[in-house]
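S.K.: What follows is work-v7.csv, CSV, C-alpha atoms.
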chain,number,residue,atom,x,y,z
A,1,MET,CA,108.6,88.5,152.5
A,2,MET,CA,106.1,90.2,150.1
A,3,ARG,CA,106.6,93.5,151.8
A,4,THR,CA,110.4,93.2,151.4
A,5,LEU,CA,110.1,92.2,147.7
A,6,LEU,CA,107.8,95.1,146.8
A,7,VAL,CA,110.0,97.6,148.6
A,8,ARG,CA,113.0,96.3,146.7
A,9,GLY,CA,111.2,96.3,143.4
A,10,MET,CA,110.0,99.9,143.8
A,11,LEU,CA,113.5,100.9,145.0
A,12,ALA,CA,115.1,99.3,141.9
A,13,GLY,CA,112.4,101.0,139.8
A,14,LEU,CA,113.2,104.4,141.3
A,15,VAL,CA,116.9,104.0,140.4
A,16,ALA,CA,116.1,102.7,137.0
A,17,GLY,CA,113.7,105.6,136.4
A,18,LEU,CA,116.4,108.1,137.4
A,19,VAL,CA,119.0,106.6,135.0
A,20,ALA,CA,116.5,106.4,132.2
A,21,PHE,CA,115.5,110.0,132.8
A,22,VAL,CA,119.1,111.1,132.2
A,23,PHE,CA,119.3,109.0,129.0
A,24,ALA,CA,116.0,110.5,127.8
A,25,ARG,CA,117.0,114.0,128.7
A,26,VAL,CA,120.3,113.7,126.7
A,27,PHE,CA,119.2,111.6,123.7
A,28,GLY,CA,115.4,112.1,123.6
A,29,GLU,CA,114.9,115.8,124.2
A,30,PRO,CA,116.7,117.0,121.0
A,31,ALA,CA,114.4,114.9,118.8
A,32,LEU,CA,111.3,116.0,120.9
A,33,ASP,CA,112.3,119.6,120.3
A,34,GLY,CA,112.6,118.8,116.6
A,35,GLY,CA,108.9,117.7,116.6
A,36,ILE,CA,107.8,120.8,118.5
A,37,ALA,CA,109.8,123.0,116.1
A,38,PHE,CA,107.9,121.3,113.2
A,39,GLU,CA,104.6,121.8,115.1
A,40,GLU,CA,105.3,125.5,115.5
A,41,ALA,CA,106.3,126.0,111.9
A,42,MET,CA,103.0,124.4,110.8
A,43,ALA,CA,101.0,126.5,113.2
A,44,HIS,CA,102.9,129.7,112.1
A,45,ALA,CA,102.2,128.8,108.4
A,46,ALA,CA,98.6,128.4,109.2
A,47,GLY,CA,98.5,131.8,110.8
A,48,GLU,CA,97.9,130.5,114.4
A,49,HIS,CA,99.2,132.4,117.4
A,50,ASP,CA,100.9,130.9,120.4
A,51,HIS,CA,98.6,130.7,123.3
A,52,GLY,CA,100.1,130.8,126.8
A,53,GLU,CA,101.7,127.6,128.0
A,54,LEU,CA,100.4,126.0,131.2
A,55,VAL,CA,103.8,124.4,131.9
A,56,SER,CA,106.9,125.9,130.4
A,57,ARG,CA,109.1,123.9,128.0
A,58,GLY,CA,111.9,124.1,130.4
A,59,VAL,CA,109.9,122.4,133.2
A,60,GLN,CA,108.5,119.8,130.8
A,61,ALA,CA,111.9,118.8,129.6
A,62,SER,CA,113.5,118.6,133.1
A,63,LEU,CA,111.3,118.2,136.2
A,64,GLY,CA,108.3,116.9,134.3
A,65,LEU,CA,110.3,114.4,132.3
A,66,GLY,CA,112.1,113.3,135.5
A,67,VAL,CA,108.9,112.8,137.5
A,68,ALA,CA,107.3,110.9,134.6
A,69,TYR,CA,110.2,108.4,134.4
A,70,VAL,CA,110.6,108.0,138.1
A,71,VAL,CA,106.8,107.4,138.7
A,72,TYR,CA,106.8,105.0,135.7
A,73,GLY,CA,109.9,103.2,137.0
A,74,ILE,CA,108.4,102.8,140.5
A,75,ALA,CA,105.2,101.4,139.0
A,76,VAL,CA,107.1,99.0,136.7
A,77,GLY,CA,109.3,98.0,139.7
A,78,GLY,CA,106.2,97.1,141.6
A,79,PHE,CA,104.8,94.9,138.8
A,80,VAL,CA,108.2,93.2,138.3
A,81,ALA,CA,108.4,92.5,142.1
A,82,LEU,CA,104.9,90.9,142.0
A,83,ALA,CA,105.8,88.8,138.9
A,84,TYR,CA,109.0,87.7,140.5
A,85,ALA,CA,107.2,86.7,143.7
A,86,VAL,CA,105.0,84.3,141.6
A,87,ALA,CA,108.0,83.1,139.5
A,88,ARG,CA,110.5,82.5,142.3
A,89,GLY,CA,111.2,78.9,142.9
A,90,ARG,CA,108.9,77.9,140.0
A,91,LEU,CA,111.2,78.3,137.0
A,92,GLY,CA,113.2,75.1,137.2
A,93,PRO,CA,116.8,75.6,138.0
A,94,LEU,CA,116.7,79.4,138.2
A,95,GLY,CA,117.9,80.9,141.5
A,96,ALA,CA,116.9,84.3,142.9
A,97,ARG,CA,119.0,86.5,140.6
A,98,GLY,CA,118.4,84.4,137.5
A,99,THR,CA,114.6,84.6,138.1
A,100,ALA,CA,114.7,88.4,138.7
A,101,VAL,CA,116.6,88.9,135.4
A,102,VAL,CA,114.5,86.6,133.4
A,103,VAL,CA,111.2,88.1,134.7
A,104,THR,CA,112.4,91.6,134.0
A,105,LEU,CA,113.7,90.9,130.5
A,106,LEU,CA,110.5,89.0,129.6
A,107,GLY,CA,108.5,92.0,130.8
A,108,PHE,CA,110.6,94.3,128.6
A,109,VAL,CA,110.2,92.1,125.5
A,110,ALA,CA,106.5,91.5,126.0
A,111,ALA,CA,105.3,94.8,127.3
A,112,ILE,CA,107.6,97.2,125.6
A,113,LEU,CA,109.8,95.9,122.7
A,114,VAL,CA,107.1,93.9,120.8
A,115,PRO,CA,104.3,96.6,121.1
A,116,LEU,CA,106.7,99.4,120.3
A,117,VAL,CA,107.8,97.7,117.1
A,118,LYS,CA,104.2,97.7,115.9
A,119,TYR,CA,103.1,101.0,117.4
A,120,PRO,CA,106.3,103.0,117.9
A,121,ALA,CA,106.7,106.1,120.1
A,122,ASN,CA,105.7,109.3,118.3
A,123,PRO,CA,107.2,112.8,118.7
A,124,PRO,CA,104.8,115.8,118.9
A,125,ALA,CA,103.1,116.8,115.6
A,126,SER,CA,103.7,113.4,114.0
A,127,THR,CA,100.2,112.0,114.6
A,128,GLU,CA,96.7,113.3,114.2
A,129,ASP,CA,95.0,114.6,117.4
A,130,ASP,CA,91.7,113.1,116.5
A,131,THR,CA,92.9,109.5,116.4
A,132,ILE,CA,94.2,109.5,120.0
A,133,GLY,CA,91.3,107.2,120.9
A,134,SER,CA,91.9,104.5,118.4
A,135,ARG,CA,95.7,104.7,118.8
A,136,THR,CA,95.5,104.3,122.6
A,137,GLY,CA,93.1,101.4,122.2
A,138,LEU,CA,95.2,99.5,119.7
A,139,TYR,CA,98.4,100.1,121.6
A,140,LEU,CA,96.9,98.9,124.9
A,141,LEU,CA,95.2,95.9,123.2
A,142,PHE,CA,98.5,94.8,121.7
A,143,VAL,CA,100.4,95.2,125.1
A,144,LEU,CA,97.7,93.1,126.9
A,145,ILE,CA,97.8,90.4,124.2
A,146,SER,CA,101.6,90.3,124.1
A,147,VAL,CA,101.9,90.1,127.9
A,148,ALA,CA,99.2,87.4,128.1
A,149,LEU,CA,100.9,85.4,125.4
A,150,ALA,CA,104.3,85.7,127.2
A,151,VAL,CA,102.7,84.4,130.4
A,152,ALA,CA,101.1,81.5,128.5
A,153,ALA,CA,104.5,80.8,127.0
A,154,VAL,CA,106.1,80.6,130.4
A,155,VAL,CA,103.3,78.2,131.6
A,156,LEU,CA,103.8,76.1,128.5
A,157,ALA,CA,107.6,75.9,129.1
A,158,ARG,CA,107.0,74.7,132.6
A,159,ARG,CA,104.6,72.0,131.4
A,160,LEU,CA,107.0,70.8,128.6
A,161,ALA,CA,110.1,70.9,130.8
A,162,GLY,CA,109.2,67.7,132.6
A,163,ARG,CA,109.2,65.7,129.3
A,164,THR,CA,111.7,67.5,127.1
A,165,GLY,CA,114.1,69.2,129.5
A,166,TRP,CA,114.3,73.0,130.0
A,167,TRP,CA,116.3,73.8,126.9
A,168,ASN,CA,113.9,72.3,124.4
A,169,ALA,CA,110.9,73.6,126.4
A,170,VAL,CA,112.1,77.2,126.4
A,171,LEU,CA,112.9,77.0,122.7
A,172,ALA,CA,109.4,75.7,121.9
A,173,ALA,CA,107.7,78.3,124.1
A,174,THR,CA,109.8,81.1,122.6
A,175,VAL,CA,109.0,80.1,119.0
A,176,GLY,CA,105.3,79.7,120.0
A,177,TYR,CA,105.2,83.2,121.5
A,178,LEU,CA,106.9,84.8,118.6
A,179,VAL,CA,104.8,83.1,115.9
A,180,VAL,CA,101.5,83.9,117.6
A,181,VAL,CA,102.4,87.5,118.5
A,182,LEU,CA,103.7,88.2,115.0
A,183,VAL,CA,100.4,86.8,113.5
A,184,VAL,CA,98.4,89.0,115.9
A,185,GLY,CA,100.7,92.0,115.1
A,186,SER,CA,100.2,91.5,111.4
A,187,LEU,CA,96.4,91.3,111.8
A,188,LEU,CA,96.1,94.5,113.9
A,189,PRO,CA,95.6,97.7,111.8
A,190,ALA,CA,98.7,99.9,111.2
A,191,VAL,CA,98.9,103.5,112.2
A,192,ALA,CA,100.4,105.6,109.4
A,193,GLU,CA,99.5,109.2,109.8
A,194,THR,CA,102.9,111.0,110.0
A,195,PRO,CA,102.7,114.1,107.7
A,196,ALA,CA,104.7,113.6,104.6
A,197,GLU,CA,106.8,116.7,105.3
A,198,PHE,CA,107.6,115.7,108.9
A,199,PRO,CA,111.5,115.5,109.1
A,200,ALA,CA,112.5,111.8,108.8
A,201,ALA,CA,115.6,112.2,110.9
A,202,VAL,CA,113.6,113.6,113.8
A,203,LEU,CA,111.1,110.7,113.7
A,204,TYR,CA,114.0,108.1,113.5
A,205,ASP,CA,116.0,109.7,116.3
A,206,PHE,CA,112.9,110.1,118.5
A,207,ARG,CA,111.8,106.4,118.2
A,208,ILE,CA,115.4,105.1,118.7
A,209,ALA,CA,115.8,107.3,121.8
A,210,ALA,CA,112.4,106.2,123.2
A,211,LEU,CA,113.3,102.6,122.8
A,212,GLY,CA,116.8,103.2,124.1
A,213,ALA,CA,115.4,104.9,127.3
A,214,HIS,CA,113.1,101.8,127.8
A,215,ALA,CA,116.1,99.5,127.4
A,216,VAL,CA,118.1,101.5,129.9
A,217,LEU,CA,115.2,101.6,132.4
A,218,TRP,CA,114.4,97.8,132.2
A,219,GLY,CA,118.1,96.9,132.1
A,220,VAL,CA,119.0,98.9,135.2
A,221,LEU,CA,115.8,97.5,136.8
A,222,ALA,CA,117.0,93.9,136.1
A,223,ALA,CA,120.5,94.7,137.4
A,224,VAL,CA,119.4,96.5,140.6
A,225,PHE,CA,116.5,94.2,141.5
A,226,GLY,CA,118.6,91.1,140.8
A,227,THR,CA,121.3,92.4,143.1
A,228,LEU,CA,118.8,93.2,145.8
A,229,VAL,CA,117.0,89.9,145.8
A,230,GLY,CA,120.3,88.0,145.4
A,231,SER,CA,121.9,89.4,148.4
A,232,ARG,CA,122.7,87.0,151.2
A,233,SER,CA,120.3,88.5,153.7
A,234,SER,CA,117.3,87.8,151.4
A,235,ALA,CA,118.0,84.3,150.2
A,236,PRO,CA,115.7,81.9,152.1
A,237,SER,CA,116.5,78.8,150.1
A,238,GLY,CA,114.4,75.8,149.6
A,239,ALA,CA,116.3,72.7,148.7
A,240,ALA,CA,119.9,73.8,148.8
A,241,ASP,CA,121.0,70.6,147.2
A,242,ARG,CA,119.2,71.2,144.0
A,243,ALA,CA,121.4,72.5,141.1
A,244,ALA,CA,120.8,76.2,140.6
A,245,VAL,CA,121.6,78.9,138.1
A,246,GLY,CA,122.0,82.5,139.1
B,1,MET,CA,106.8,82.2,155.3
B,2,THR,CA,109.3,79.9,157.0
B,3,GLN,CA,112.9,80.6,156.2
B,4,ALA,CA,115.7,78.1,156.0
B,5,ALA,CA,118.4,78.7,158.6
B,6,VAL,CA,121.3,78.8,156.2
B,7,PRO,CA,120.7,80.7,153.0
B,8,ALA,CA,122.8,79.1,150.3
B,9,PRO,CA,123.6,81.7,147.6
B,10,GLY,CA,122.6,80.5,144.1
B,11,ALA,CA,120.3,77.8,145.3
B,12,VAL,CA,116.8,77.5,144.0
B,13,PRO,CA,114.6,79.6,146.4
B,14,ALA,CA,111.4,78.2,148.0
B,15,PRO,CA,108.3,79.2,146.1
B,16,ILE,CA,106.1,81.8,147.8
B,17,PRO,CA,102.5,80.4,148.3
B,18,LEU,CA,100.2,82.0,145.8
B,19,ARG,CA,97.6,82.8,148.6
B,20,GLU,CA,100.3,84.8,150.4
B,21,ILE,CA,101.0,86.8,147.2
B,22,ALA,CA,97.3,87.4,146.2
B,23,PRO,CA,96.4,90.3,148.6
B,24,TRP,CA,99.7,92.1,147.9
B,25,ALA,CA,99.2,91.6,144.2
B,26,LEU,CA,95.7,93.0,144.3
B,27,PHE,CA,96.6,96.1,146.3
B,28,ALA,CA,100.0,96.9,144.8
B,29,GLY,CA,98.8,96.0,141.3
B,30,VAL,CA,95.9,98.5,141.6
B,31,VAL,CA,98.2,101.3,143.0
B,32,ALA,CA,100.8,100.7,140.2
B,33,LEU,CA,98.0,100.7,137.6
B,34,VAL,CA,96.8,104.1,138.9
B,35,LEU,CA,100.4,105.5,138.7
B,36,LEU,CA,100.7,104.2,135.1
B,37,TYR,CA,97.4,105.7,134.2
B,38,LEU,CA,98.3,109.2,135.6
B,39,VAL,CA,101.6,109.2,133.8
B,40,GLY,CA,100.5,107.7,130.6
B,41,PHE,CA,96.8,108.3,129.9
B,42,ASP,CA,94.9,110.8,132.1
B,43,GLN,CA,93.8,114.1,130.4
B,44,GLY,CA,94.4,112.4,127.1
B,45,VAL,CA,91.9,110.0,125.6
B,46,THR,CA,90.1,109.9,129.0
B,47,THR,CA,90.1,112.3,131.9
B,48,LEU,CA,89.5,111.5,135.6
B,49,VAL,CA,91.4,114.6,137.0
B,50,PRO,CA,90.0,117.7,135.4
B,51,GLY,CA,92.3,120.2,133.6
B,52,GLU,CA,95.5,119.8,131.6
B,53,ALA,CA,98.1,120.2,134.4
B,54,ILE,CA,99.1,116.6,134.6
B,55,HIS,CA,99.2,116.1,130.8
B,56,GLU,CA,101.3,119.2,130.3
B,57,PHE,CA,103.7,118.4,133.2
B,58,VAL,CA,104.5,114.8,132.1
B,59,HIS,CA,104.1,115.7,128.4
B,60,ASP,CA,107.7,114.9,127.4
B,61,GLY,CA,107.9,111.7,129.4
B,62,ARG,CA,104.5,110.6,127.9
B,63,HIS,CA,105.9,111.0,124.4
B,64,LEU,CA,109.2,109.3,125.1
B,65,LEU,CA,107.7,106.5,127.1
B,66,GLY,CA,105.7,105.6,124.0
B,67,PHE,CA,102.2,106.3,125.3
B,68,PRO,CA,99.9,107.6,122.6
B,69,CYS,CA,99.7,111.4,123.3
B,70,HIS,CA,97.7,114.0,121.2
Could the structure of this file be written out as structure tokens, please?
M.R.:
Amino acid sequence: MMRTLLVRGMLAGLVAGLVAFVFARVFGEPALDGGIAFEEAMAHAAGEHDHGELVSRGVQASLGLGVAYVVYGIAVGGFVALAYAVARGRLGPLGARGTAVVVTLLGFVAAILVPLVKYPANPPASTEDDTIGSRTGLYLLFVLISVALAVAAVVLARRLAGRTGWWNAVLAATVGYLVVVLVVGSLLPAVAETPAEFPAAVLYDFRIAALGAHAVLWGVLAAVFGTLVGSRSSAPSGAADRAAVG
Amino acid sequence: MTQAAVPAPGAVPAPIPLREIAPWALFAGVVALVLLYLVGFDQGVTTLVPGEAIHEFVHDGRHLLGFPCH
């Protein structure tokens, strides 16, 4: 059972990574090139010379980008499969497909959307090299806090559901998660180090494309993983007489 | 894991016992974390694999995936 779920999660992640790669290649690369063009203009103005590239821009923008998205997709698919294994049959009326979609979307909101609103993706040359340590630390910290709060919200909804019903329980848990994560987000220090002369359109396009590629990746993952776990051959059902959604 | 003879589509599936999930979660979780680390973080703020080949190869993906990168 666990072996099957993990294989399906990673397979769905592989497909999701490939689709997101195509999106990133088409919509992300132009903005990324804009950042590199700014970087080179700054270096040129400072009188620096190009030193030889270890990996060519062409490889970075095609094979490298594809491998990054596919490996990321497989890893995320594995995590989603594990979370689904724990959640399955434990989220009230949700069936296999409903559980797969809810778990994946919760993962997207908690691990990607909320942290990226606070600490958005940055194109080359829009941040200071020296602050990589603090930026990495803050970003990881917020991801961990947000995911932990989302897990706590799900546990809370399960506890409340017995007394208030699932609708009210999910509403209360959602509000609870949002309020706490917004308070934490407002307390964590902001990162504002984009050079004043960095082109605003490049920064905007890059951040929207990065968020869009994540939405594509997690959306395809939810669709494919939900399809795979919802297929007839993989639906060992518990109480078939219980009302189910999905 | 016992399986019901007739899978009813849309029905609430049986929970998987947590002690059956635990060893898979530990192993697969560690492997997935290593993959995320190599794609997102190695040869950046910390370095386990020497050199810059990984960083340079996945450079564009690292930026677009939102990982802090130089």
S.K.: Tell me, counting all atoms listed in the file, for each residue of chain B within 8 Å of chain A, which pair of atoms is nearest and how far apart they are in Å to one decimal, in rows ordered by chain and increasing number, as CSV.
M.R.:
residue,atom,partner,partner_atom,distance
B:Met1,CA,A:Met1,CA,7.1
B:Gln3,CA,A:Pro236,CA,5.1
B:Ala4,CA,A:Pro236,CA,5.4
B:Ala5,CA,A:Pro236,CA,7.7
B:Val6,CA,A:Pro236,CA,7.6
B:Pro7,CA,A:Pro236,CA,5.2
B:Ala8,CA,A:Ala240,CA,6.2
B:Pro9,CA,A:Arg232,CA,6.5
B:Gly10,CA,A:Gly95,CA,5.4
B:Ala11,CA,A:Ala244,CA,5.0
B:Val12,CA,A:Gly95,CA,4.4
B:Pro13,CA,A:Ser237,CA,4.2
B:Ala14,CA,A:Gly238,CA,4.2
B:Pro15,CA,A:Gly89,CA,4.3
B:Ile16,CA,A:Ala85,CA,6.5
B:Leu18,CA,A:Val86,CA,6.8
B:Glu20,CA,A:Met2,CA,7.9
B:Ile21,CA,A:Met2,CA,6.8
B:Trp24,CA,A:Met2,CA,7.0
B:Ala25,CA,A:Leu82,CA,6.1
B:Ala28,CA,A:Gly78,CA,7.0
B:Gly29,CA,A:Phe79,CA,6.6
B:Ala32,CA,A:Ala75,CA,4.6
B:Leu33,CA,A:Ala75,CA,7.4
B:Leu35,CA,A:Ala75,CA,6.3
B:Leu36,CA,A:Tyr72,CA,6.2
B:Val39,CA,A:Ala68,CA,6.0
B:Gly44,CA,A:Ile132,CA,7.7
B:Val45,CA,A:Gly133,CA,5.5
B:Glu52,CA,A:Leu54,CA,7.9
B:Ala53,CA,A:Leu54,CA,7.0
B:Glu56,CA,A:Val55,CA,6.0
B:Phe57,CA,A:Gly64,CA,5.0
B:Val58,CA,A:Gly64,CA,4.9
B:His59,CA,A:Gln60,CA,6.5
B:Asp60,CA,A:Leu65,CA,5.6
B:Gly61,CA,A:Leu65,CA,4.6
B:Arg62,CA,A:Ala68,CA,7.3
B:His63,CA,A:Pro123,CA,6.1
B:Leu64,CA,A:Ala210,CA,4.8
B:Leu65,CA,A:Ala210,CA,6.1
B:Gly66,CA,A:Ala121,CA,4.1
B:Phe67,CA,A:Ala121,CA,6.9
B:Pro68,CA,A:Thr136,CA,5.5
B:Cys69,CA,A:Ile132,CA,6.7
B:His70,CA,A:Asp129,CA,4.7
S.K.: What gap, in Å, lies between CA of Gly176 in chain A and CA of Ala150 in chain A?
M.R.: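 Between these atoms lies a distance of 9.4 Å.
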S.K.: Nearest to Val19 in chain A among A:Leu228, A:Val170, A:Leu144, A:Ala215, with distances taken over only C-alpha atoms: which residue is it?
M.R.: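 The closest residue to Val19 in chain A is A:Ala215.
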S.K.: Could you jot down the CA of Gly17 in chain A to CA of Ala37 in chain A separation for me, Å, one decimal place?
M.R.: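 Atom-to-atom, CA of Gly17 in chain A to CA of Ala37 in chain A, that is 27.0 Å.
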S.K.: Could you check how far CA of Leu105 in chain A sits from CA of Ala152 in chain A, in Å to one decimal?
M.R.: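 Interatomic distance here is 15.8 Å.
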S.K.: Do you know which residues are at most 7 Å from range 199-202 of chain A counting only C-alpha atoms, after dropping those on the same chain fewer than 2 positions away, and could you put them as a ChimeraX atom specification?
M.R.: /A:31,34-35,197,204-206
S.K.: For Ala153 in chain A, which residue out of A:Thr104, A:Ala169, A:Val224, A:His44 is the nearest one, using all atoms listed in the file?
M.R.: A:Ala169
S.K.: For C-alpha atoms, please extract range 40-78 of chain A from the block and return it as a tab-separated table (two decimals), in the first residue's frame.
M.R.:
chain	number	residue	atom	x	y	z
A	40	GLU	CA	25.92	42.36	-16.79
A	41	ALA	CA	25.20	46.06	-17.34
A	42	MET	CA	26.17	46.73	-13.70
A	43	ALA	CA	29.33	44.61	-14.00
A	44	HIS	CA	30.25	46.34	-17.25
A	45	ALA	CA	29.74	49.77	-15.70
A	46	ALA	CA	31.97	48.74	-12.82
A	47	GLY	CA	34.66	47.72	-15.29
A	48	GLU	CA	34.49	43.99	-14.52
A	49	HIS	CA	35.20	41.43	-17.21
A	50	ASP	CA	33.21	38.28	-17.87
A	51	HIS	CA	34.90	35.24	-16.42
A	52	GLY	CA	34.30	31.92	-18.13
A	53	GLU	CA	30.99	30.24	-17.40
A	54	LEU	CA	30.96	26.81	-15.79
A	55	VAL	CA	27.57	25.99	-17.32
A	56	SER	CA	26.41	27.88	-20.40
A	57	ARG	CA	23.24	30.02	-20.28
A	58	GLY	CA	21.69	27.75	-22.88
A	59	VAL	CA	22.10	24.65	-20.69
A	60	GLN	CA	20.96	26.52	-17.57
A	61	ALA	CA	17.78	27.67	-19.29
A	62	SER	CA	16.88	24.28	-20.78
A	63	LEU	CA	18.34	21.06	-19.35
A	64	GLY	CA	19.28	22.59	-16.00
A	65	LEU	CA	15.87	24.22	-15.56
A	66	GLY	CA	14.13	20.98	-16.55
A	67	VAL	CA	16.16	18.80	-14.18
A	68	ALA	CA	15.57	21.26	-11.33
A	69	TYR	CA	11.79	21.23	-11.82
A	70	VAL	CA	11.57	17.45	-12.30
A	71	VAL	CA	13.70	16.63	-9.25
A	72	TYR	CA	11.72	19.17	-7.22
A	73	GLY	CA	8.44	17.71	-8.51
A	74	ILE	CA	9.45	14.15	-7.58
A	75	ALA	CA	10.48	15.23	-4.07
A	76	VAL	CA	7.24	17.18	-3.54
A	77	GLY	CA	5.25	14.24	-4.93
A	78	GLY	CA	6.89	12.01	-2.34
